[in-house]
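Asks: To be precise about what I am sending: the file is called protein_23.cif and holds mmCIF, C-alpha atoms.
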```cif
data_protein
#
loop_
_atom_site.label_atom_id
_atom_site.label_comp_id
_atom_site.auth_asym_id
_atom_site.auth_seq_id
_atom_site.Cartn_x
_atom_site.Cartn_y
_atom_site.Cartn_z
CA MET A 1 -122.72 128.86 30.86
CA SER A 2 -126.44 129.36 30.98
CA SER A 3 -128.68 126.42 31.60
CA LYS A 4 -129.76 125.22 28.23
CA GLU A 5 -131.78 122.30 29.50
CA LEU A 6 -135.43 122.95 29.97
CA LYS A 7 -135.90 121.99 33.57
CA LYS A 8 -136.47 118.29 33.82
CA SER A 9 -139.62 118.89 35.79
CA PHE A 10 -141.58 119.53 32.63
CA SER A 11 -142.03 115.88 31.95
CA PRO A 12 -144.33 113.68 33.96
CA ARG A 13 -142.31 113.12 37.08
CA TYR A 14 -143.69 112.22 40.46
CA PHE A 15 -141.53 114.59 42.50
CA ALA A 16 -141.49 117.51 40.06
CA LEU A 17 -142.81 120.61 41.76
CA GLU A 18 -144.63 121.83 38.68
CA ASP A 19 -146.42 118.53 38.33
CA ILE A 20 -147.48 118.52 41.97
CA LEU A 21 -148.77 122.07 41.76
CA ALA A 22 -150.52 121.37 38.49
CA SER A 23 -152.36 118.43 39.93
CA GLN A 24 -153.95 120.73 42.49
CA THR A 25 -156.40 121.98 39.88
CA ARG A 26 -159.89 121.15 41.00
CA VAL A 27 -162.19 118.96 38.98
CA PRO A 28 -165.94 119.06 39.43
CA CYS A 29 -167.36 115.61 40.16
CA ARG A 30 -170.42 113.86 41.38
CA THR A 31 -170.30 111.16 44.00
CA GLU A 32 -171.85 107.89 42.95
CA VAL A 33 -171.97 106.19 46.32
CA ALA A 34 -172.51 107.51 49.78
CA MET A 35 -169.20 108.02 51.53
CA THR A 36 -169.12 108.06 55.31
CA ASN A 37 -166.85 110.52 57.09
CA CYS A 38 -165.96 112.20 53.84
CA GLY A 39 -167.85 115.39 54.49
CA PHE A 40 -164.60 117.36 54.73
CA LEU A 41 -164.16 117.08 50.96
CA ASP A 42 -166.93 119.55 50.38
CA PRO A 43 -166.39 122.65 52.55
CA SER A 44 -170.02 123.71 52.31
CA GLN A 45 -171.28 120.41 53.75
CA GLU A 46 -172.39 120.49 57.35
CA THR A 47 -172.85 116.77 57.77
CA LYS A 48 -169.99 114.40 58.35
CA ASP A 49 -171.04 112.07 55.52
CA LEU A 50 -171.34 112.64 51.80
CA ALA A 51 -174.58 111.44 50.30
CA ALA A 52 -174.56 109.86 46.84
CA GLY A 53 -175.03 112.36 44.06
CA THR A 54 -173.45 115.44 45.66
CA GLN A 55 -171.37 117.75 43.55
CA VAL A 56 -167.89 118.30 44.91
CA GLU A 57 -164.73 119.83 43.55
CA ILE A 58 -161.69 117.76 44.30
CA PRO A 59 -158.10 118.07 43.06
CA ILE A 60 -156.88 115.94 40.17
CA TRP A 61 -154.68 113.73 42.29
CA ALA A 62 -157.63 112.71 44.44
CA ALA A 63 -159.96 112.39 41.46
CA ARG A 64 -157.53 110.07 39.76
CA VAL A 65 -157.58 107.64 42.65
CA LEU A 66 -161.29 107.84 43.37
CA SER A 67 -162.36 107.32 39.77
CA LYS A 68 -160.52 104.09 39.08
CA GLN A 69 -162.64 101.93 36.87
CA LYS A 70 -162.95 99.07 39.26
CA ARG A 71 -164.42 101.11 42.07
CA ALA A 72 -165.89 104.19 40.34
CA LEU A 73 -166.70 106.10 43.47
CA ILE A 74 -167.21 109.35 41.61
CA SER A 75 -167.96 110.46 38.10
CA LEU A 76 -165.96 113.27 36.56
CA LYS A 77 -166.57 116.34 34.54
CA MET A 78 -163.85 118.50 33.07
CA PRO A 79 -163.21 121.84 34.75
CA LYS A 80 -164.67 124.96 33.20
CA PHE A 81 -161.53 126.20 31.48
CA TYR A 82 -161.09 123.04 29.47
CA GLY A 83 -164.68 122.91 28.34
CA GLU A 84 -166.19 123.19 24.91
CA CYS A 85 -166.43 126.97 24.49
CA TYR A 86 -162.97 127.72 25.90
CA ARG A 87 -161.52 125.11 23.58
CA GLU A 88 -163.19 126.81 20.64
CA VAL A 89 -161.72 130.15 21.61
CA LEU A 90 -158.31 128.59 21.89
CA THR A 91 -158.42 126.87 18.53
CA ALA A 92 -159.64 130.03 16.84
CA GLU A 93 -157.10 132.53 18.19
CA PRO A 94 -154.52 130.84 20.39
CA ALA A 95 -151.97 133.62 20.38
CA VAL A 96 -154.06 136.25 22.14
CA VAL A 97 -155.55 134.21 24.94
CA ASP A 98 -154.31 134.89 28.46
CA LEU A 99 -153.40 131.44 29.71
CA ASN A 100 -152.54 132.71 33.15
CA LYS A 101 -156.16 133.57 33.79
CA MET A 102 -157.16 130.00 33.11
CA GLY A 103 -155.30 128.56 35.99
CA PRO A 104 -151.67 128.74 37.11
CA TYR A 105 -150.43 125.75 35.12
CA TYR A 106 -152.69 125.39 32.12
CA TYR A 107 -150.71 122.95 30.03
CA GLN A 108 -149.53 120.77 32.89
CA SER A 109 -153.01 120.41 34.34
CA ALA A 110 -154.36 119.64 30.90
CA LEU A 111 -151.86 116.84 30.51
CA GLN A 112 -152.90 115.40 33.83
CA LEU A 113 -156.59 115.72 33.03
CA CYS A 114 -156.04 113.67 29.91
CA ALA A 115 -155.12 110.74 32.06
CA LEU A 116 -158.48 110.71 33.78
CA PRO A 117 -161.21 108.43 32.48
CA SER A 118 -163.57 110.86 30.82
CA GLU A 119 -164.91 111.22 27.28
CA GLN A 120 -163.66 114.77 27.02
CA ALA A 121 -160.05 113.79 27.74
CA GLU A 122 -159.32 112.92 24.15
CA LYS A 123 -160.76 116.15 22.80
CA ILE A 124 -158.69 118.23 25.18
CA ALA A 125 -155.57 116.29 24.26
CA GLU A 126 -156.14 116.81 20.57
CA VAL A 127 -156.46 120.53 20.90
CA LEU A 128 -153.31 121.03 22.99
CA PRO A 129 -150.47 120.61 20.46
CA ASP A 130 -152.10 123.04 18.05
CA ILE A 131 -152.45 125.70 20.73
CA LEU A 132 -148.82 125.34 21.74
CA GLN A 133 -147.69 125.37 18.14
CA LYS A 134 -149.42 128.62 17.29
CA ARG A 135 -148.33 130.31 20.50
CA VAL A 136 -144.75 129.20 20.03
CA ILE A 137 -144.71 130.69 16.56
CA ALA A 138 -146.04 133.96 17.96
CA MET A 139 -143.30 133.90 20.58
CA ALA A 140 -140.59 133.08 18.08
CA ASP A 141 -140.05 136.60 16.89
CA SER A 142 -139.94 138.21 20.29
CA TYR A 143 -137.30 136.17 22.05
CA CYS A 144 -134.44 137.26 19.87
CA LEU A 145 -135.08 140.95 20.25
CA HIS A 146 -132.12 142.92 21.48
CA ARG A 147 -132.12 143.62 25.16
CA ASN A 148 -132.34 147.35 24.58
CA VAL A 149 -136.04 146.84 24.09
CA LYS A 150 -137.52 147.36 27.53
CA SER A 151 -140.17 144.70 27.30
CA THR A 152 -141.72 142.62 24.62
CA ASP A 153 -145.04 144.21 25.44
CA GLU A 154 -143.90 147.52 23.99
CA VAL A 155 -142.92 145.92 20.74
CA SER A 156 -145.95 143.72 20.64
CA ASN A 157 -148.07 146.80 20.93
CA GLN A 158 -146.43 148.09 17.79
CA LEU A 159 -146.46 144.87 15.85
CA GLY A 160 -149.56 143.42 17.39
CA ASN A 161 -148.79 139.80 16.76
CA MET A 162 -146.45 138.65 19.47
CA LEU A 163 -147.31 136.68 22.53
CA LYS A 164 -147.58 138.99 25.53
CA PHE A 165 -145.27 138.18 28.38
CA HIS A 166 -147.86 138.05 31.12
CA HIS A 167 -150.14 135.89 29.00
CA MET A 168 -147.67 133.07 28.99
CA ASP A 169 -148.10 129.81 30.79
CA PRO A 170 -145.04 128.80 32.90
CA LEU A 171 -144.03 126.24 30.29
CA GLU A 172 -143.91 128.87 27.55
CA MET A 173 -142.20 131.28 29.91
CA GLN A 174 -139.45 128.74 30.50
CA ILE A 175 -138.89 128.22 26.79
CA PHE A 176 -138.92 131.98 26.27
CA THR A 177 -136.43 132.86 29.00
CA ASP A 178 -134.06 130.06 28.03
CA SER A 179 -134.03 131.11 24.40
CA LYS A 180 -133.71 134.77 25.30
CA ASN A 181 -130.70 134.08 27.51
CA ALA A 182 -129.00 132.00 24.87
CA SER A 183 -129.63 134.58 22.20
CA GLU A 184 -128.29 137.38 24.40
CA GLU A 185 -125.22 135.30 25.13
CA LEU A 186 -124.60 134.85 21.43
CA ASP A 187 -125.12 138.55 20.81
CA ASP A 188 -122.66 139.45 23.56
CA TRP A 189 -120.07 137.12 22.12
CA LEU A 190 -120.61 138.47 18.63
CA ARG A 191 -119.67 142.03 19.57
CA PHE A 192 -117.16 142.68 16.87
CA MET B 1 -124.56 119.78 26.40
CA SER B 2 -124.67 121.95 23.32
CA PRO B 3 -121.61 124.03 22.52
CA THR B 4 -121.61 127.63 23.68
CA PRO B 5 -120.17 130.38 21.46
CA GLU B 6 -117.01 130.38 23.55
CA GLU B 7 -116.49 126.67 22.98
CA LEU B 8 -117.05 127.08 19.26
CA GLU B 9 -114.47 129.87 19.28
CA PHE B 10 -112.06 127.39 20.81
CA PHE B 11 -112.71 124.88 18.03
CA ALA B 12 -112.34 127.58 15.42
CA GLY B 13 -108.90 128.33 16.79
CA GLN B 14 -107.65 125.07 15.37
CA GLU B 15 -108.13 126.12 11.75
CA GLU B 16 -104.90 126.64 9.83
CA LEU B 17 -103.65 130.06 8.86
CA GLU B 18 -100.57 131.49 7.14
CA ILE B 19 -98.26 133.80 9.01
CA MET B 20 -95.05 135.65 8.21
CA PRO B 21 -92.85 135.20 11.29
CA ARG B 22 -90.40 137.89 12.35
CA PHE B 23 -88.21 135.53 14.31
CA ASP B 24 -86.20 132.38 13.84
CA CYS B 25 -87.04 129.21 15.65
CA PRO B 26 -86.38 125.50 15.12
CA THR B 27 -89.20 122.96 15.08
CA MET B 28 -91.35 122.95 18.23
CA TRP B 29 -92.86 119.65 19.25
CA LEU B 30 -96.25 120.35 20.79
CA ILE B 31 -98.80 117.77 21.95
CA SER B 32 -101.36 118.68 19.29
CA GLY B 33 -98.80 118.72 16.45
CA ASP B 34 -95.43 120.04 15.34
CA LEU B 35 -94.79 123.68 14.62
CA GLY B 36 -92.45 123.67 11.67
CA PRO B 37 -89.15 125.60 11.80
CA PHE B 38 -89.73 129.35 11.65
CA LYS B 39 -87.45 131.57 9.58
CA ALA B 40 -88.03 135.31 9.53
CA GLY B 41 -89.66 136.43 6.30
CA ILE B 42 -90.78 133.02 5.07
CA PRO B 43 -94.53 132.29 5.30
CA ASN B 44 -95.57 129.37 7.46
CA LYS B 45 -98.81 127.53 8.21
CA VAL B 46 -99.89 127.41 11.86
CA PRO B 47 -103.16 126.93 13.77
CA LEU B 48 -105.14 130.11 14.35
CA TRP B 49 -104.69 130.25 18.10
CA ILE B 50 -100.90 130.19 17.76
CA ALA B 51 -101.03 132.80 15.02
CA LEU B 52 -103.07 135.17 17.17
CA HIS B 53 -100.91 134.52 20.19
CA LEU B 54 -97.73 135.38 18.24
CA ARG B 55 -99.38 138.39 16.66
CA ALA B 56 -100.39 139.75 20.05
CA GLN B 57 -96.72 139.66 20.99
CA ASN B 58 -95.89 141.27 17.65
CA LYS B 59 -93.72 138.36 16.58
CA CYS B 60 -95.37 137.80 13.24
CA LYS B 61 -97.66 139.28 10.62
CA ILE B 62 -100.87 137.48 9.74
CA ILE B 63 -101.58 136.75 6.10
CA PRO B 64 -105.38 136.79 5.86
CA PRO B 65 -106.95 133.62 4.40
CA PRO B 66 -107.99 133.97 0.74
CA TRP B 67 -111.68 134.13 1.60
CA LEU B 68 -111.27 137.05 3.97
CA SER B 69 -111.05 139.59 1.17
CA LYS B 70 -113.46 142.17 -0.15
CA ALA B 71 -113.83 140.71 -3.64
CA TYR B 72 -114.46 137.13 -2.53
CA LEU B 73 -116.92 138.18 0.16
CA GLU B 74 -118.83 140.41 -2.26
CA GLN B 75 -119.26 137.45 -4.58
CA LEU B 76 -120.30 135.22 -1.69
CA LYS B 77 -122.83 137.77 -0.50
CA GLU B 78 -124.40 137.92 -3.99
CA LEU B 79 -124.72 134.16 -4.07
CA GLU B 80 -126.16 134.04 -0.59
CA ILE B 81 -128.79 136.68 -1.23
CA LYS B 82 -129.87 135.16 -4.53
CA SER B 83 -130.13 131.57 -3.38
CA PRO B 84 -133.11 130.41 -1.27
CA LEU B 85 -130.95 127.71 0.31
CA PHE B 86 -127.75 128.10 2.28
CA THR B 87 -124.57 128.40 0.23
CA LYS B 88 -121.37 126.67 1.20
CA MET B 89 -119.27 128.86 3.44
CA PRO B 90 -115.51 129.05 2.86
CA SER B 91 -114.84 127.67 6.29
CA GLU B 92 -116.90 125.88 8.87
CA HIS B 93 -116.05 128.57 11.41
CA TYR B 94 -115.99 131.64 9.22
CA MET B 95 -117.68 133.89 11.75
CA ALA B 96 -115.57 132.89 14.70
CA MET B 97 -112.32 133.15 12.74
CA ALA B 98 -113.24 136.55 11.38
CA LYS B 99 -114.14 137.79 14.83
CA MET B 100 -110.91 136.58 16.39
CA ILE B 101 -108.73 138.02 13.63
CA PHE B 102 -110.52 141.36 13.83
CA GLU B 103 -110.10 141.42 17.59
CA VAL B 104 -106.34 141.04 17.49
CA CYS B 105 -105.12 142.58 14.25
CA PRO B 106 -107.59 144.40 12.04
CA GLN B 107 -104.71 146.29 10.46
CA ASP B 108 -103.44 143.13 8.75
CA ILE B 109 -106.56 142.90 6.63
CA PRO B 110 -106.92 145.20 3.65
CA ASP B 111 -110.25 147.11 3.54
CA ALA B 112 -111.02 145.95 7.07
CA ASP B 113 -114.22 148.01 7.41
CA CYS B 114 -115.71 146.75 4.13
CA VAL B 115 -114.85 143.20 4.99
CA LYS B 116 -116.45 143.54 8.41
CA LEU B 117 -119.64 144.90 6.86
CA LEU B 118 -119.75 142.18 4.22
CA ILE B 119 -119.40 139.43 6.78
CA LYS B 120 -122.12 140.99 8.87
CA ASP B 121 -124.41 141.14 5.84
CA ILE B 122 -123.79 137.53 4.96
CA TRP B 123 -124.43 136.53 8.57
CA ASP B 124 -127.68 138.52 8.73
CA SER B 125 -129.03 137.08 5.50
CA ARG B 126 -128.27 133.53 6.63
CA MET B 127 -129.86 134.13 10.02
CA SER B 128 -133.05 135.48 8.51
CA LYS B 129 -133.27 132.48 6.18
CA LEU B 130 -132.75 130.22 9.17
CA ARG B 131 -135.42 131.93 11.23
CA THR B 132 -138.05 131.64 8.50
CA ALA B 133 -137.08 128.02 7.97
CA VAL B 134 -137.55 127.26 11.66
CA LEU B 135 -140.94 128.96 11.75
CA THR B 136 -142.11 127.07 8.68
CA PHE B 137 -140.94 123.85 10.25
CA ILE B 138 -142.91 124.39 13.45
CA ASP B 139 -145.91 125.64 11.53
CA LYS B 140 -146.14 122.63 9.25
CA GLY B 141 -145.55 120.28 12.14
CA ALA B 142 -142.95 118.47 10.06
CA SER B 143 -140.94 115.74 11.67
CA TRP B 144 -137.68 116.09 9.80
CA ALA B 145 -135.87 118.45 7.47
CA LYS B 146 -132.58 118.34 5.63
CA VAL B 147 -130.45 121.46 5.61
CA ASP B 148 -127.01 121.74 4.04
CA ASN B 149 -124.19 124.12 4.70
CA LEU B 150 -125.24 125.40 8.07
CA THR B 151 -122.45 126.36 10.46
CA GLN B 152 -122.36 125.54 14.14
CA LEU B 153 -122.59 129.12 15.33
CA GLU B 154 -125.81 129.71 13.42
CA MET B 155 -127.25 126.57 14.91
CA CYS B 156 -126.39 127.91 18.35
CA SER B 157 -128.74 130.80 17.88
CA ILE B 158 -131.85 128.70 17.43
CA ARG B 159 -130.86 125.87 19.67
CA PRO B 160 -132.74 126.11 22.96
CA PHE B 161 -135.86 127.57 21.35
CA PHE B 162 -136.19 125.07 18.53
CA THR B 163 -135.33 121.94 20.47
CA HIS B 164 -137.38 122.75 23.55
CA SER B 165 -140.50 123.79 21.69
CA LEU B 166 -140.37 120.71 19.49
CA GLU B 167 -139.84 118.56 22.58
CA GLN B 168 -142.93 119.98 24.27
CA LEU B 169 -145.01 119.66 21.11
CA HIS B 170 -143.98 116.04 20.85
CA ARG B 171 -144.91 115.51 24.48
CA PHE B 172 -148.36 116.96 23.86
CA ARG B 173 -148.89 114.85 20.75
CA LYS B 174 -147.98 111.76 22.68
CA THR B 175 -150.59 112.67 25.28
CA ILE B 176 -153.28 112.34 22.64
CA GLN B 177 -152.46 108.69 22.41
CA VAL B 178 -152.52 108.40 26.19
CA ALA B 179 -155.87 110.15 26.41
CA ARG B 180 -157.33 107.84 23.80
CA LEU B 181 -156.28 104.79 25.77
CA TYR B 182 -157.63 106.19 29.03
CA SER B 183 -161.00 107.22 27.67
CA ALA B 184 -161.43 103.77 26.18
CA GLY B 185 -161.60 102.63 29.74
CA ASN B 186 -158.22 101.08 30.29
CA SER B 187 -156.62 101.15 33.69
CA SER B 188 -153.32 102.91 34.16
CA GLU B 189 -151.28 99.69 34.20
CA GLU B 190 -152.83 98.73 30.88
CA VAL B 191 -152.01 102.13 29.42
CA ARG B 192 -148.42 101.98 30.63
CA ARG B 193 -148.00 98.52 29.16
CA ARG B 194 -149.41 99.58 25.80
CA LEU B 195 -147.24 102.66 25.60
CA ARG B 196 -144.09 100.76 26.33
CA MET B 197 -144.63 98.54 23.33
#
```
As structure tokens, what does this structure read like?

Replies:
Amino acid sequence: MSSKELKKSFSPRYFALEDILASQTRVPCRTEVAMTNCGFLDPSQETKDLAAGTQVEIPIWAARVLSKQKRALISLKMPKFYGECYREVLTAEPAVVDLNKMGPYYYQSALQLCALPSEQAEKIAEVLPDILQKRVIAMADSYCLHRNVKSTDEVSNQLGNMLKFHHMDPLEMQIFTDSKNASEELDDWLRF
Amino acid sequence: MSPTPEELEFFAGQEELEIMPRFDCPTMWLISGDLGPFKAGIPNKVPLWIALHLRAQNKCKIIPPPWLSKAYLEQLKELEIKSPLFTKMPSEHYMAMAKMIFEVCPQDIPDADCVKLLIKDIWDSRMSKLRTAVLTFIDKGASWAKVDNLTQLEMCSIRPFFTHSLEQLHRFRKTIQVARLYSAGNSSEEVRRRLRM
């Protein structure tokens, strides 16, 4: 019996490997206060201390802690791939964008970024469901293709409107492989 | 968690079927029910799994159910193709039953090839309706839909795709709420408390 459950790790869970890897995405920030002995955060720094106002790139998990409202040690900006122009591209034509280029775990990192205190968080969050919706619809036709087809890329070249396999984010890939396995199982059983 | 095709085949085996036994046997008391006394040449109603079991040992002849005939299926196919909704199928497990009967004894069914083709056509037309319905559902972002006369096996075909994609979409939509609370400047305890309410 194939595993029909989408792996439980795709929900915010502390020990989920996907979540941990997704929170490694770096966020550009600016230090507000001088931090002694924190020079290691910025690899290009020679000094041991971080002066106020330096630009550093730190992972989400560190940014989350350092940007707590009460202390506000740093101020955040969203990473490049979640910025204004990329968001516009994604809302215009979601099905053709290569999400793998924009970071290894696009959706997961986006979900984590939305939990950071920043004005852009809401805009990113609003754009996400629509992207997934359109891409899922593009994927819908390709998963139930018979396994004689060598790869969905061949067919998508002919039909031109399916989501390419190597463009998929791991979340979409999981949905795709699960559905493909289930559909193949049904087809095998249905052999009259 | 959700039934596989093999499990649905098992459930389909419990549907009743008529057979013409070639042997004599008094009543058998089984756990799931009694098998009435068998007399050679007199038709008898038994569950499908028993019928197929006996047929494999050549101890009976299967009388196909009334819906497994060319005329009925042709009518059904017309109805199905004309109607935009799903029509009522003669049996909840029509596909599984047909498959099992064809596996064991296709010779008991008159016009077996035509019947096989008709069932396949009906199945294909229902599946294409289902697929378009699912796509429209995801596209509109609807939150509920009412569908009648859908059989379990057809549901199996869309199951991991439909449920998982809707689950992830819901998760993303929920994050909008979270993001709104965070950007308003609430701390994470505050956000968690608000979401639990």

Asks: Rank A:Asp19, A:Asp187, A:Glu122, A:Glu93 by their smallest atom-to-atom distance to Arg173 (chain B), using only C-alpha atoms, and report the top residue only.

Replies: A:Glu122

Asks: Got a sec: who's within 10 Å of region 91-96 of chain B, counting all atoms listed in the file, leaving out chain neighbours fewer than 2 positions off, as a ChimeraX atom specification?

Replies: /A:189-190 /B:5-6,8-15,67-68,88-89,98-102,119-120,122-123,149-154

Asks: Selection in question (the file shown): the PyMOL selection byres ((chain A) within 6 of (chain B)). Which residues does it include, as a list in words?

Replies: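 So the PyMOL selection byres ((chain A) within 6 of (chain B)), applied here, picks out Cys114, Ala115, Pro117, Ser118, Glu119, Ala121, Glu122, Ala125, Glu126, Pro129, Ser179 and Ser183 of chain A.
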
Asks: Got time to write the residues from that selection, C-alpha atoms, as a PDB file, in the frame of the given file?

Replies:
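Result saved to again19.pdb:
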```
ATOM      1  CA  CYS A 114    -156.040 113.670  29.910  1.00  0.00           C
ATOM      2  CA  ALA A 115    -155.120 110.740  32.060  1.00  0.00           C
ATOM      3  CA  PRO A 117    -161.210 108.430  32.480  1.00  0.00           C
ATOM      4  CA  SER A 118    -163.570 110.860  30.820  1.00  0.00           C
ATOM      5  CA  GLU A 119    -164.910 111.220  27.280  1.00  0.00           C
ATOM      6  CA  ALA A 121    -160.050 113.790  27.740  1.00  0.00           C
ATOM      7  CA  GLU A 122    -159.320 112.920  24.150  1.00  0.00           C
ATOM      8  CA  ALA A 125    -155.570 116.290  24.260  1.00  0.00           C
ATOM      9  CA  GLU A 126    -156.140 116.810  20.570  1.00  0.00           C
ATOM     10  CA  PRO A 129    -150.470 120.610  20.460  1.00  0.00           C
ATOM     11  CA  SER A 179    -134.030 131.110  24.400  1.00  0.00           C
ATOM     12  CA  SER A 183    -129.630 134.580  22.200  1.00  0.00           C
TER      13      SER A 183
END
```

Asks: Within 8 Å of region 20-29 of chain B, counting only C-alpha atoms, which residues qualify if same-chain residues fewer than 3 places away don't, as a PyMOL selection string?

Replies: chain B and resi 33-44+59-63

Asks: Which value, in Å to one decimal, gives the distance between CA of Met173 (chain A) and CA of Lys129 (chain B)?

Replies: 25.4 Å

Asks: CA of Arg87 (chain A) to CA of Lys101 (chain A): how many Å, to one decimal?

Replies: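 CA of Lys101 (chain A) lies at a distance of 14.3 Å from CA of Arg87 (chain A).
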
Asks: CA of Ser69 (chain B) and CA of Val46 (chain B) are how many Å apart?

Replies: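 Interatomic distance here is 19.7 Å.
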
Asks: If the PyMOL selection byres ((chain A and resi 135) around 10) were run on this exact file, what residues would it hold? Put them as a PyMOL selection string.

Replies: chain A and resi 93-97+129-134+136-140+162-163+168+172

Asks: Which residue, B:Ala145, B:Ile50, B:Pro90, B:Arg193, has the smallest gap to Gln75 (chain B) when you use all atoms listed in the file?

Replies: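 The answer is B:Pro90, which sits nearest to Gln75 (chain B).
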
Asks: Find the residues near Thr36 (chain A): any atom within 9 Å, counting all atoms listed in the file, skip ones fewer than 6 places away on the same chain, and give them as a PyMOL selection string.

Replies: chain A and resi 48-51

Asks: Mind writing the picked residues with C-alpha atoms as a PDB file, keeping the file's coordinate frame?

Replies:
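Output saved as result.pdb:
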```
ATOM      1  CA  LYS A  48    -169.990 114.400  58.350  1.00  0.00           C
ATOM      2  CA  ASP A  49    -171.040 112.070  55.520  1.00  0.00           C
ATOM      3  CA  LEU A  50    -171.340 112.640  51.800  1.00  0.00           C
ATOM      4  CA  ALA A  51    -174.580 111.440  50.300  1.00  0.00           C
TER       5      ALA A  51
END
```

Asks: Which is closer to Ser83 (chain B) than all the others in B:Arg55, B:Ser125, B:Glu16, B:Val104, using all atoms listed in the file?

Replies: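 Closest to Ser83 (chain B) of all the choices is B:Ser125.
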
Asks: Please output region 55-68 of chain A, rebuilt to include N, CA, C and O atoms, as an mmCIF file, in the coordinates of the input.

Replies:
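What landed in out-v1.cif:
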```cif
data_model
loop_
_atom_site.group_PDB
_atom_site.id
_atom_site.type_symbol
_atom_site.label_atom_id
_atom_site.label_comp_id
_atom_site.auth_asym_id
_atom_site.auth_seq_id
_atom_site.Cartn_x
_atom_site.Cartn_y
_atom_site.Cartn_z
ATOM 1 N N GLN A 55 -172.408 117.196 44.426
ATOM 2 C CA GLN A 55 -171.370 117.750 43.550
ATOM 3 C C GLN A 55 -170.245 118.251 44.423
ATOM 4 O O GLN A 55 -170.467 119.056 45.309
ATOM 5 N N VAL A 56 -169.051 117.790 44.187
ATOM 6 C CA VAL A 56 -167.890 118.300 44.910
ATOM 7 C C VAL A 56 -166.815 118.682 43.909
ATOM 8 O O VAL A 56 -166.822 118.226 42.777
ATOM 9 N N GLU A 57 -165.886 119.510 44.393
ATOM 10 C CA GLU A 57 -164.730 119.830 43.550
ATOM 11 C C GLU A 57 -163.510 119.281 44.246
ATOM 12 O O GLU A 57 -163.178 119.724 45.341
ATOM 13 N N ILE A 58 -162.882 118.308 43.648
ATOM 14 C CA ILE A 58 -161.690 117.760 44.300
ATOM 15 C C ILE A 58 -160.504 117.863 43.356
ATOM 16 O O ILE A 58 -160.675 117.879 42.147
ATOM 17 N N PRO A 59 -159.274 117.947 43.910
ATOM 18 C CA PRO A 59 -158.100 118.070 43.060
ATOM 19 C C PRO A 59 -157.876 116.832 42.214
ATOM 20 O O PRO A 59 -158.375 115.757 42.506
ATOM 21 N N ILE A 60 -157.078 117.009 41.153
ATOM 22 C CA ILE A 60 -156.880 115.940 40.170
ATOM 23 C C ILE A 60 -156.300 114.695 40.811
ATOM 24 O O ILE A 60 -156.706 113.579 40.500
ATOM 25 N N TRP A 61 -155.343 114.908 41.728
ATOM 26 C CA TRP A 61 -154.680 113.730 42.290
ATOM 27 C C TRP A 61 -155.653 112.868 43.067
ATOM 28 O O TRP A 61 -155.557 111.644 43.063
ATOM 29 N N ALA A 62 -156.634 113.499 43.710
ATOM 30 C CA ALA A 62 -157.630 112.710 44.440
ATOM 31 C C ALA A 62 -158.634 112.108 43.458
ATOM 32 O O ALA A 62 -159.047 110.952 43.607
ATOM 33 N N ALA A 63 -158.982 112.888 42.429
ATOM 34 C CA ALA A 63 -159.960 112.390 41.460
ATOM 35 C C ALA A 63 -159.441 111.171 40.740
ATOM 36 O O ALA A 63 -160.176 110.244 40.423
ATOM 37 N N ARG A 64 -158.132 111.182 40.487
ATOM 38 C CA ARG A 64 -157.530 110.070 39.760
ATOM 39 C C ARG A 64 -157.712 108.765 40.530
ATOM 40 O O ARG A 64 -158.071 107.736 39.972
ATOM 41 N N VAL A 65 -157.479 108.848 41.835
ATOM 42 C CA VAL A 65 -157.580 107.640 42.650
ATOM 43 C C VAL A 65 -159.026 107.208 42.810
ATOM 44 O O VAL A 65 -159.365 106.026 42.714
ATOM 45 N N LEU A 66 -159.908 108.193 43.051
ATOM 46 C CA LEU A 66 -161.290 107.840 43.370
ATOM 47 C C LEU A 66 -162.067 107.383 42.147
ATOM 48 O O LEU A 66 -163.136 106.807 42.266
ATOM 49 N N SER A 67 -161.561 107.647 40.944
ATOM 50 C CA SER A 67 -162.360 107.320 39.770
ATOM 51 C C SER A 67 -161.836 106.100 39.050
ATOM 52 O O SER A 67 -162.160 105.873 37.903
ATOM 53 N N LYS A 68 -161.033 105.316 39.714
ATOM 54 C CA LYS A 68 -160.520 104.090 39.080
ATOM 55 C C LYS A 68 -161.680 103.230 38.640
ATOM 56 O O LYS A 68 -162.654 103.081 39.334
#
```
